[in-house]
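Pasted below: target-v1.tsv, TSV, C-alpha atoms and all ligand atoms.
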```tsv
chain	number	residue	atom	x	y	z
A	774	MET	CA	102.23	-103.73	-134.19
A	775	HIS	CA	99.11	-102.47	-132.53
A	776	LEU	CA	96.42	-103.95	-130.32
A	777	ARG	CA	93.18	-105.02	-131.87
A	778	LYS	CA	90.28	-104.20	-129.62
A	779	ASP	CA	87.55	-105.34	-131.98
A	780	ARG	CA	87.73	-109.06	-131.16
A	781	GLY	CA	85.38	-110.22	-128.44
A	782	HIS	CA	87.18	-110.69	-125.17
A	783	VAL	CA	84.99	-112.58	-122.73
A	784	HIS	CA	86.71	-111.58	-119.55
A	785	PRO	CA	85.19	-111.33	-116.09
A	786	VAL	CA	83.83	-108.02	-114.92
A	787	PRO	CA	85.68	-106.49	-111.94
A	788	SER	CA	82.86	-107.15	-109.49
A	789	ASP	CA	83.27	-110.88	-110.17
A	790	ILE	CA	86.74	-110.76	-108.78
A	791	THR	CA	87.33	-108.16	-106.10
A	792	PRO	CA	84.75	-106.10	-104.25
A	793	ARG	CA	85.02	-102.47	-105.25
A	794	ALA	CA	85.59	-101.47	-101.62
A	795	ALA	CA	88.75	-103.55	-101.47
A	796	TYR	CA	90.03	-101.90	-104.63
A	797	GLU	CA	89.23	-98.41	-103.41
A	798	GLY	CA	90.69	-99.30	-100.01
A	799	ARG	CA	93.99	-100.06	-101.63
A	800	ARG	CA	94.18	-96.62	-103.18
A	801	VAL	CA	93.74	-95.12	-99.71
A	802	TRP	CA	96.42	-97.41	-98.32
A	803	LEU	CA	98.78	-96.38	-101.07
A	804	ARG	CA	98.25	-92.70	-100.36
A	805	GLN	CA	98.85	-93.26	-96.65
A	806	ALA	CA	101.91	-95.36	-97.29
A	807	ALA	CA	103.37	-92.62	-99.42
A	808	THR	CA	102.74	-89.85	-96.92
A	809	THR	CA	103.16	-91.35	-93.45
A	810	ALA	CA	106.31	-92.73	-91.88
A	811	GLY	CA	107.55	-95.90	-93.45
A	812	GLY	CA	110.64	-94.72	-95.11
A	813	VAL	CA	111.89	-93.90	-98.55
A	814	ALA	CA	111.67	-97.47	-99.84
A	815	LEU	CA	108.01	-97.78	-99.00
A	816	SER	CA	107.05	-94.48	-100.56
A	817	MET	CA	109.12	-95.34	-103.61
A	818	TRP	CA	107.32	-98.61	-103.82
A	819	ALA	CA	103.97	-96.89	-103.48
A	820	GLY	CA	104.98	-94.47	-106.20
A	821	ILE	CA	105.73	-97.29	-108.60
A	822	ALA	CA	102.61	-99.24	-107.73
A	823	ALA	CA	100.46	-96.13	-107.96
A	824	ASN	CA	102.01	-95.36	-111.32
A	825	ALA	CA	101.25	-98.80	-112.59
A	826	GLN	CA	97.71	-98.41	-111.41
A	827	SER	CA	97.02	-94.82	-112.38
A	828	SER	CA	98.10	-95.69	-115.89
A	829	ARG	CA	95.68	-98.61	-115.91
A	830	PRO	CA	95.08	-98.94	-119.62
A	831	GLY	CA	91.31	-99.41	-119.35
A	832	LYS	CA	91.21	-102.02	-122.09
A	833	LEU	CA	90.23	-105.14	-120.14
A	834	ALA	CA	88.49	-105.99	-116.86
A	835	ALA	CA	90.16	-104.66	-113.72
A	836	LEU	CA	92.17	-107.10	-111.63
A	837	PRO	CA	93.88	-105.15	-108.86
A	838	GLY	CA	96.48	-106.63	-106.58
A	839	THR	CA	97.54	-105.56	-103.12
A	840	ARG	CA	101.09	-104.94	-101.98
A	841	SER	CA	103.04	-108.17	-102.18
A	842	ALA	CA	104.31	-109.71	-98.97
A	843	VAL	CA	107.32	-110.94	-100.96
A	844	ALA	CA	109.74	-108.03	-100.68
A	845	ALA	CA	111.81	-108.96	-103.73
A	846	ALA	CA	108.65	-108.93	-105.82
A	847	VAL	CA	109.08	-105.21	-106.26
A	848	THR	CA	111.85	-103.84	-108.42
A	849	MET	CA	112.55	-100.12	-108.35
A	850	GLU	CA	112.92	-100.07	-112.12
A	851	LYS	CA	110.38	-98.29	-114.25
A	852	PRO	CA	107.73	-100.63	-115.70
A	853	THR	CA	107.81	-101.12	-119.46
A	854	SER	CA	104.82	-99.52	-121.19
A	855	TYR	CA	101.59	-101.50	-121.55
A	856	GLN	CA	101.85	-100.95	-125.29
A	857	ASP	CA	105.27	-102.63	-125.47
A	858	ILE	CA	104.35	-105.45	-123.04
A	859	THR	CA	101.31	-106.33	-125.16
A	860	SER	CA	102.70	-105.88	-128.67
A	861	TYR	CA	106.16	-107.50	-128.48
A	862	ASN	CA	105.48	-111.10	-127.51
A	863	ASN	CA	106.63	-114.67	-127.78
A	864	TYR	CA	103.63	-116.96	-128.04
A	865	TYR	CA	104.44	-119.42	-130.80
A	866	GLU	CA	100.92	-120.89	-130.83
A	867	PHE	CA	100.04	-117.63	-132.62
A	868	GLY	CA	103.13	-117.37	-134.81
A	869	THR	CA	106.84	-116.75	-134.38
A	870	ASP	CA	107.02	-113.01	-135.16
A	871	LYS	CA	106.95	-110.71	-132.14
A	872	SER	CA	103.91	-108.92	-133.60
A	873	ASP	CA	101.92	-112.12	-134.37
A	874	PRO	CA	100.40	-112.74	-130.91
A	875	ALA	CA	98.93	-109.22	-130.58
A	876	ARG	CA	97.53	-109.53	-134.10
A	877	LEU	CA	96.20	-113.08	-133.90
A	878	ALA	CA	95.47	-114.00	-130.25
A	879	GLY	CA	92.00	-112.47	-130.40
A	880	SER	CA	90.78	-115.95	-131.33
A	881	LEU	CA	91.83	-117.35	-127.92
A	882	LYS	CA	88.84	-117.86	-125.65
A	883	PRO	CA	89.97	-117.36	-122.02
A	884	ARG	CA	86.53	-118.29	-120.66
A	885	PRO	CA	85.23	-120.77	-119.72
A	886	TRP	CA	88.56	-122.24	-118.56
A	887	THR	CA	89.60	-125.09	-116.31
A	888	VAL	CA	92.93	-126.35	-115.04
A	889	SER	CA	93.39	-130.04	-114.41
A	890	ILE	CA	95.56	-130.99	-111.41
A	891	GLU	CA	97.07	-134.42	-111.91
A	892	GLY	CA	99.64	-136.95	-110.73
A	893	GLU	CA	101.32	-137.20	-107.37
A	894	VAL	CA	98.88	-135.18	-105.24
A	895	LYS	CA	96.39	-136.16	-102.56
A	896	ARG	CA	93.75	-133.89	-104.05
A	897	PRO	CA	93.73	-134.16	-107.86
A	898	GLY	CA	90.86	-132.72	-109.87
A	899	THR	CA	89.67	-129.97	-112.14
A	900	MET	CA	89.66	-126.37	-111.00
A	901	ASP	CA	87.54	-123.72	-112.61
A	902	LEU	CA	88.99	-120.28	-113.37
A	903	ASP	CA	86.62	-118.62	-110.90
A	904	ALA	CA	87.82	-120.90	-108.12
A	905	LEU	CA	91.43	-120.16	-109.05
A	906	LEU	CA	90.80	-116.41	-109.02
A	907	LYS	CA	89.47	-116.70	-105.46
A	908	LEU	CA	92.03	-119.17	-104.18
A	909	ALA	CA	94.37	-116.56	-102.66
A	910	PRO	CA	94.59	-112.76	-102.47
A	911	MET	CA	95.82	-111.09	-105.66
A	912	GLU	CA	99.13	-109.28	-105.31
A	913	GLU	CA	100.90	-106.85	-107.60
A	914	ARG	CA	104.47	-107.90	-108.35
A	915	VAL	CA	106.79	-105.89	-110.53
A	916	TYR	CA	109.25	-108.41	-111.98
A	917	ARG	CA	111.91	-108.21	-114.66
A	918	LEU	CA	111.31	-110.65	-117.54
A	919	ARG	CA	114.49	-111.57	-119.43
A	920	CYS	CA	114.13	-113.50	-122.68
A	921	VAL	CA	116.87	-115.87	-123.78
A	922	GLU	CA	116.98	-113.83	-127.00
A	923	GLY	CA	118.65	-110.95	-125.14
A	924	TRP	CA	115.87	-108.47	-124.39
A	925	SER	CA	114.06	-107.67	-121.17
A	926	MET	CA	111.01	-105.89	-119.80
A	927	VAL	CA	109.72	-104.83	-116.37
A	928	ILE	CA	106.16	-106.04	-115.91
A	929	PRO	CA	103.67	-105.25	-113.12
A	930	TRP	CA	102.03	-108.67	-112.84
A	931	VAL	CA	98.95	-109.50	-110.78
A	932	GLY	CA	98.66	-112.94	-109.21
A	933	TYR	CA	99.70	-115.03	-106.22
A	934	SER	CA	102.46	-117.47	-105.38
A	935	LEU	CA	102.03	-120.80	-107.12
A	936	ALA	CA	102.82	-122.30	-103.68
A	937	GLU	CA	99.31	-121.27	-102.57
A	938	LEU	CA	97.82	-123.67	-105.09
A	939	ILE	CA	100.41	-126.39	-104.50
A	940	ARG	CA	99.80	-126.42	-100.75
A	941	ARG	CA	96.07	-126.93	-101.29
A	942	VAL	CA	96.44	-129.95	-103.58
A	943	GLU	CA	98.92	-131.65	-101.21
A	944	PRO	CA	101.75	-133.22	-103.23
A	945	THR	CA	102.72	-136.74	-102.18
A	946	GLY	CA	106.26	-137.72	-101.24
A	947	ASN	CA	106.79	-138.90	-104.82
A	948	ALA	CA	106.25	-135.44	-106.33
A	949	LYS	CA	109.69	-134.15	-107.37
A	950	PHE	CA	108.80	-132.04	-110.43
A	951	VAL	CA	105.83	-130.02	-111.61
A	952	GLU	CA	104.89	-130.02	-115.30
A	953	PHE	CA	102.86	-127.22	-116.87
A	954	VAL	CA	100.91	-128.09	-120.02
A	955	THR	CA	99.49	-125.18	-121.99
A	956	LEU	CA	96.54	-124.98	-124.38
A	957	ALA	CA	96.94	-126.53	-127.83
A	958	ASP	CA	93.74	-125.96	-129.80
A	959	ARG	CA	94.04	-125.72	-133.58
A	960	GLY	CA	90.69	-123.95	-133.76
A	961	GLN	CA	91.97	-121.06	-131.64
A	962	MET	CA	95.68	-121.10	-132.42
A	963	PRO	CA	96.85	-120.68	-136.01
A	964	GLY	CA	100.52	-121.22	-135.06
A	965	LEU	CA	99.89	-124.92	-134.32
A	966	ARG	CA	99.99	-125.56	-138.07
A	967	SER	CA	103.73	-124.98	-137.85
A	968	SER	CA	105.96	-127.70	-136.41
A	969	VAL	CA	108.48	-125.23	-134.99
A	970	LEU	CA	107.76	-126.79	-131.56
A	971	GLU	CA	106.03	-129.94	-130.38
A	972	TRP	CA	102.56	-129.09	-129.14
A	973	PRO	CA	101.29	-128.71	-126.52
A	974	TYR	CA	103.94	-126.34	-125.19
A	975	ILE	CA	105.27	-127.89	-121.98
A	976	GLU	CA	107.42	-126.40	-119.24
A	977	ALA	CA	108.44	-127.82	-115.88
A	978	LEU	CA	110.10	-126.91	-112.59
A	979	ARG	CA	111.63	-128.85	-109.73
A	980	LEU	CA	109.13	-128.95	-106.85
A	981	ASP	CA	111.26	-126.65	-104.68
A	982	GLU	CA	111.46	-124.09	-107.51
A	983	ALA	CA	107.71	-124.29	-107.97
A	984	LEU	CA	107.21	-123.76	-104.22
A	985	HIS	CA	109.51	-120.73	-104.07
A	986	PRO	CA	107.45	-117.66	-103.07
A	987	LEU	CA	108.73	-115.67	-106.08
A	988	THR	CA	107.17	-118.19	-108.51
A	989	LEU	CA	103.97	-116.50	-109.56
A	990	LEU	CA	100.71	-117.77	-110.97
A	991	ALA	CA	99.72	-114.65	-112.90
A	992	PHE	CA	96.20	-113.70	-113.94
A	993	GLY	CA	96.78	-110.07	-114.86
A	994	LEU	CA	99.14	-107.20	-115.56
A	995	TYR	CA	98.88	-103.44	-115.11
A	996	GLY	CA	95.85	-103.93	-112.85
A	997	GLU	CA	93.77	-105.74	-115.49
A	998	VAL	CA	93.23	-109.34	-116.55
A	999	LEU	CA	95.93	-110.75	-118.85
A	1000	PRO	CA	95.65	-109.82	-122.50
A	1001	ASN	CA	95.41	-112.97	-124.64
A	1002	GLN	CA	98.86	-112.44	-126.14
A	1003	ASN	CA	100.40	-112.47	-122.65
A	1004	GLY	CA	98.88	-115.84	-121.76
A	1005	ALA	CA	95.27	-115.35	-120.68
A	1006	PRO	CA	93.62	-116.41	-118.52
A	1007	LEU	CA	96.54	-117.66	-116.38
A	1008	ARG	CA	100.24	-118.26	-116.83
A	1009	LEU	CA	103.38	-118.95	-114.90
A	1010	VAL	CA	105.99	-116.27	-114.18
A	1011	VAL	CA	109.38	-117.49	-112.92
A	1012	PRO	CA	111.35	-114.26	-112.68
A	1013	TRP	CA	114.88	-115.69	-112.27
A	1014	LYS	CA	114.62	-117.93	-115.36
A	1015	TYR	CA	114.59	-117.06	-119.04
A	1016	GLY	CA	111.12	-116.05	-120.23
A	1017	PHE	CA	110.42	-119.33	-121.97
A	1018	LYS	CA	110.08	-121.15	-118.63
A	1019	SER	CA	106.95	-119.06	-117.97
A	1020	GLY	CA	104.27	-121.02	-119.85
A	1021	LYS	CA	101.15	-119.19	-121.02
A	1022	SER	CA	97.50	-120.23	-120.95
A	1023	ILE	CA	97.98	-123.24	-118.65
A	1024	VAL	CA	95.43	-126.07	-118.79
A	1025	ARG	CA	97.16	-128.87	-116.88
A	1026	ILE	CA	99.51	-129.04	-113.90
A	1027	ARG	CA	101.06	-132.48	-113.29
A	1028	PHE	CA	103.09	-133.53	-110.28
A	1029	VAL	CA	105.61	-136.19	-111.28
A	1030	GLU	CA	108.60	-138.11	-109.98
A	1031	LYS	CA	110.85	-137.93	-113.07
A	1032	GLN	CA	112.19	-134.76	-114.68
A	1033	PRO	CA	109.81	-133.97	-117.57
A	1034	ARG	CA	110.97	-133.29	-121.13
A	1035	THR	CA	110.09	-129.69	-121.90
A	1036	SER	CA	109.24	-128.23	-125.31
A	1037	TRP	CA	112.40	-126.17	-125.72
A	1038	GLU	CA	114.65	-129.00	-124.58
A	1039	LEU	CA	113.01	-131.29	-127.13
A	1040	ALA	CA	113.39	-128.68	-129.88
A	1041	ALA	CA	117.08	-127.85	-129.22
A	1042	PRO	CA	118.64	-129.74	-126.31
A	1043	SER	CA	122.08	-128.16	-126.75
A	1044	GLU	CA	120.63	-124.64	-126.56
A	1045	TYR	CA	117.88	-124.84	-123.94
A	1046	GLY	CA	118.44	-126.85	-120.80
A	1047	PHE	CA	115.91	-127.81	-118.16
A	1048	TYR	CA	117.01	-125.20	-115.63
A	1049	SER	CA	117.35	-122.15	-117.89
A	1050	ASN	CA	118.33	-119.86	-115.04
A	1051	VAL	CA	119.29	-116.39	-116.23
A	1052	ASN	CA	123.08	-116.63	-116.14
A	1053	PRO	CA	125.38	-114.07	-117.78
A	1054	LYS	CA	128.29	-116.51	-117.43
A	1055	VAL	CA	126.73	-119.28	-119.53
A	1056	ASP	CA	126.41	-118.15	-123.13
A	1057	HIS	CA	123.81	-119.47	-125.50
A	1058	PRO	CA	125.77	-121.54	-128.07
A	1059	ARG	CA	125.02	-118.90	-130.71
A	1060	TRP	CA	125.28	-115.65	-128.71
A	1061	SER	CA	126.47	-114.07	-125.47
A	1062	GLN	CA	124.14	-113.78	-122.51
A	1063	ALA	CA	126.21	-111.10	-120.76
A	1064	THR	CA	124.00	-108.14	-121.64
A	1065	GLU	CA	120.42	-107.34	-122.54
A	1066	ARG	CA	118.39	-104.68	-124.33
A	1067	ARG	CA	115.47	-103.18	-122.40
A	1068	ILE	CA	112.38	-102.99	-124.59
A	1069	GLY	CA	111.24	-99.39	-124.86
A	1070	GLU	CA	114.81	-98.11	-124.67
A	1071	ASP	CA	115.68	-98.87	-128.27
A	1072	GLY	CA	117.48	-96.35	-130.39
A	1073	LEU	CA	120.97	-95.22	-131.10
A	1074	LEU	CA	121.70	-93.96	-127.61
A	1075	ALA	CA	120.19	-96.92	-125.73
A	1076	ARG	CA	122.83	-98.61	-123.66
A	1077	LYS	CA	122.96	-102.34	-123.21
A	1078	ARG	CA	122.32	-103.41	-119.64
A	1079	PRO	CA	124.48	-106.04	-117.96
A	1080	THR	CA	122.49	-109.20	-117.35
A	1081	LEU	CA	122.37	-110.06	-113.67
A	1082	MET	CA	122.84	-113.55	-112.21
A	1083	PHE	CA	119.40	-115.13	-111.73
A	1084	ASN	CA	118.00	-111.95	-113.31
A	1085	GLY	CA	118.78	-110.05	-110.12
A	1086	TYR	CA	117.08	-112.49	-107.74
A	1087	GLU	CA	120.25	-114.30	-106.63
A	1088	ALA	CA	119.82	-113.44	-102.94
A	1089	GLN	CA	116.38	-115.03	-102.97
A	1090	VAL	CA	116.94	-118.12	-105.15
A	1091	GLY	CA	120.69	-118.82	-105.19
A	1092	ALA	CA	120.38	-121.42	-102.43
A	1093	LEU	CA	118.13	-123.57	-104.63
A	1094	TYR	CA	121.18	-124.32	-106.81
A	1095	ALA	CA	123.90	-124.67	-104.18
A	1096	GLY	CA	126.36	-127.36	-105.20
A	1097	MET	CA	125.09	-127.62	-108.78
A	1098	ASP	CA	127.39	-127.11	-111.76
A	1099	LEU	CA	125.43	-124.43	-113.63
A	1100	GLN	CA	127.65	-124.73	-116.72
A	1101	ARG	CA	126.53	-128.33	-117.09
A	1102	GLN	CA	123.01	-127.99	-115.73
A	1103	PHE	CA	122.15	-124.85	-117.71
B	1201	LIG	N1	102.41	-121.35	-124.32
B	1201	LIG	C1	103.49	-120.58	-124.53
B	1201	LIG	N2	104.06	-119.96	-123.48
B	1201	LIG	C2	105.15	-119.19	-123.66
B	1201	LIG	C3	105.73	-119.04	-124.94
B	1201	LIG	C4	105.10	-119.69	-126.04
B	1201	LIG	O1	105.55	-119.60	-127.20
B	1201	LIG	N3	103.99	-120.45	-125.79
B	1201	LIG	N4	106.88	-118.26	-125.09
B	1201	LIG	C5	107.71	-118.06	-123.89
B	1201	LIG	C6	108.77	-117.06	-124.10
B	1201	LIG	S1	110.07	-117.52	-125.09
B	1201	LIG	C7	108.77	-115.86	-123.46
B	1201	LIG	S2	110.11	-114.80	-123.55
B	1201	LIG	C8	107.61	-115.41	-122.67
B	1201	LIG	C9	107.13	-114.08	-123.19
B	1201	LIG	O2	106.08	-113.57	-122.41
B	1201	LIG	P1	105.39	-112.20	-122.81
B	1201	LIG	O3	105.01	-112.27	-124.26
B	1201	LIG	O4	104.21	-112.06	-121.92
B	1201	LIG	O5	106.41	-111.11	-122.57
B	1201	LIG	O6	106.51	-116.33	-122.73
B	1201	LIG	C10	106.88	-117.71	-122.67
B	1201	LIG	N5	105.70	-118.56	-122.57
B	1202	MO	MO	111.83	-116.04	-124.65
```

Write the structure described by the file as structure tokens, please.
Amino acid sequence: MHLRKDRGHVHPVPSDITPRAAYEGRRVWLRQAATTAGGVALSMWAGIAANAQSSRPGKLAALPGTRSAVAAAVTMEKPTSYQDITSYNNYYEFGTDKSDPARLAGSLKPRPWTVSIEGEVKRPGTMDLDALLKLAPMEERVYRLRCVEGWSMVIPWVGYSLAELIRRVEPTGNAKFVEFVTLADRGQMPGLRSSVLEWPYIEALRLDEALHPLTLLAFGLYGEVLPNQNGAPLRLVVPWKYGFKSGKSIVRIRFVEKQPRTSWELAAPSEYGFYSNVNPKVDHPRWSQATERRIGEDGLLARKRPTLMFNGYEAQVGALYAGMDLQRQF
């Protein structure tokens, strides 16, 4: 399990994305935030963000993000190491072993890239990656990612709220759900030879979930563009749902009236429901969901962590599910 650096990544150079002054300016801001009034929480936040940035791995093009306006976007937990985040992956288009994506995703070409916006919107069309990178200011958001398999990580993502994009394309009154279709190209993705899932990989959210400010369109992590194995050049991150709701390498976003059939529902409807909210009280049919193992804390003495309702984001997202029976709509 190690990163291959020898395959040609064709990522943007930093100057394509954010003027150097803005990047440098953020460092100054961070220093000030940590030293002037502003309280313990702010300086703690700055400490974490500065950590994430000072340990910028220097492997891919820089993609810095500024402090997120979404308060809950910052957890106080220590980010998982870049090495673990980029070598222990689920990306079935490159194989089903955790080490397959890091080993094989070098064949993914994240540029040029376009995303097609379709369905119930007033402004459908094709958006180029460069336009998407400039659409809204990049923010750093440290979110927990909890996989349905029972492990978790803490990842310093870079991106902006999906709502920024949704507002600009103006959904019609008929748009009730948003479907995310990800790349399925046999030439780039050896895992497509397997029929473990139906390709392309499809995920979907209710429109109000998609509009929630915590729902992130991510373009980077640890201050750099996304490594291929983490879903370059752009992916979804829905922090209160199991990891599989966060589709990688998105090529199509469709606004629809009826609830879409998603890949995991099609593969195993009794195990993976549409909502897939992290919920310690609803077990997977084959295992408990009450606890989780934090990647990087393995070993004999590692304690299991209790899994939190909505992955710890209950205060922010609980209202979206008021009145729903979450045992039935799991
Ligand atoms: N296109 C695509 N997206 C995907 C997957 C996948 O197999 N294909 N796996 C999902 C699952 S199960 C998880 S847990 C997360 C893992 O993201 P990470 O590898 O960046 O930690 O990606 C999700 N997005
Ligand atoms: Mo997962």

Have a look at atom CA of Thr988 of chain A and atom CA of Pro1033 of chain A and let me know their distance in Å, one decimal.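 Atom CA of Pro1033 of chain A lies 18.4 Å from atom CA of Thr988 of chain A.
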
One number please: atom O1 of ligand LIG 1201 (chain B) to atom CA of Leu881 of chain A, in Å, one decimal. 13.9 Å

Residues contacting ligand LIG 1201 (chain B) - anything with an atom at most 8 Å away, using only C-alpha atoms and all ligand atoms - can you give me those as number ranges by chain? A: 858-859, 861-867, 869, 918-922, 926, 955-956, 973-975, 1002-1004, 1008, 1015-1023

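Shortest atom-to-atom contact with ligand MO 1202 (chain B) among A:Arg979, A:Arg940, A:Lys1014, A:Arg914: A:Lys1014, counting all atoms listed in the file.
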
My list of candidates is A:Gly1096, A:Gly923, A:Pro885, A:Gly1046. Which is closest to ligand MO 1202 (chain B) when distances are computed with all atoms listed in the file? A:Gly923

Give me, as a PyMOL selection string, all polymer residues having an atom no more than 7 Å from Val998 of chain A, counting all atoms listed in the file and skipping those fewer than 6 positions away in the same chain. chain A and resi 833-836+992

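Atom CA of Val894 of chain A is positioned 6.8 Å from atom CA of Phe1028 of chain A.
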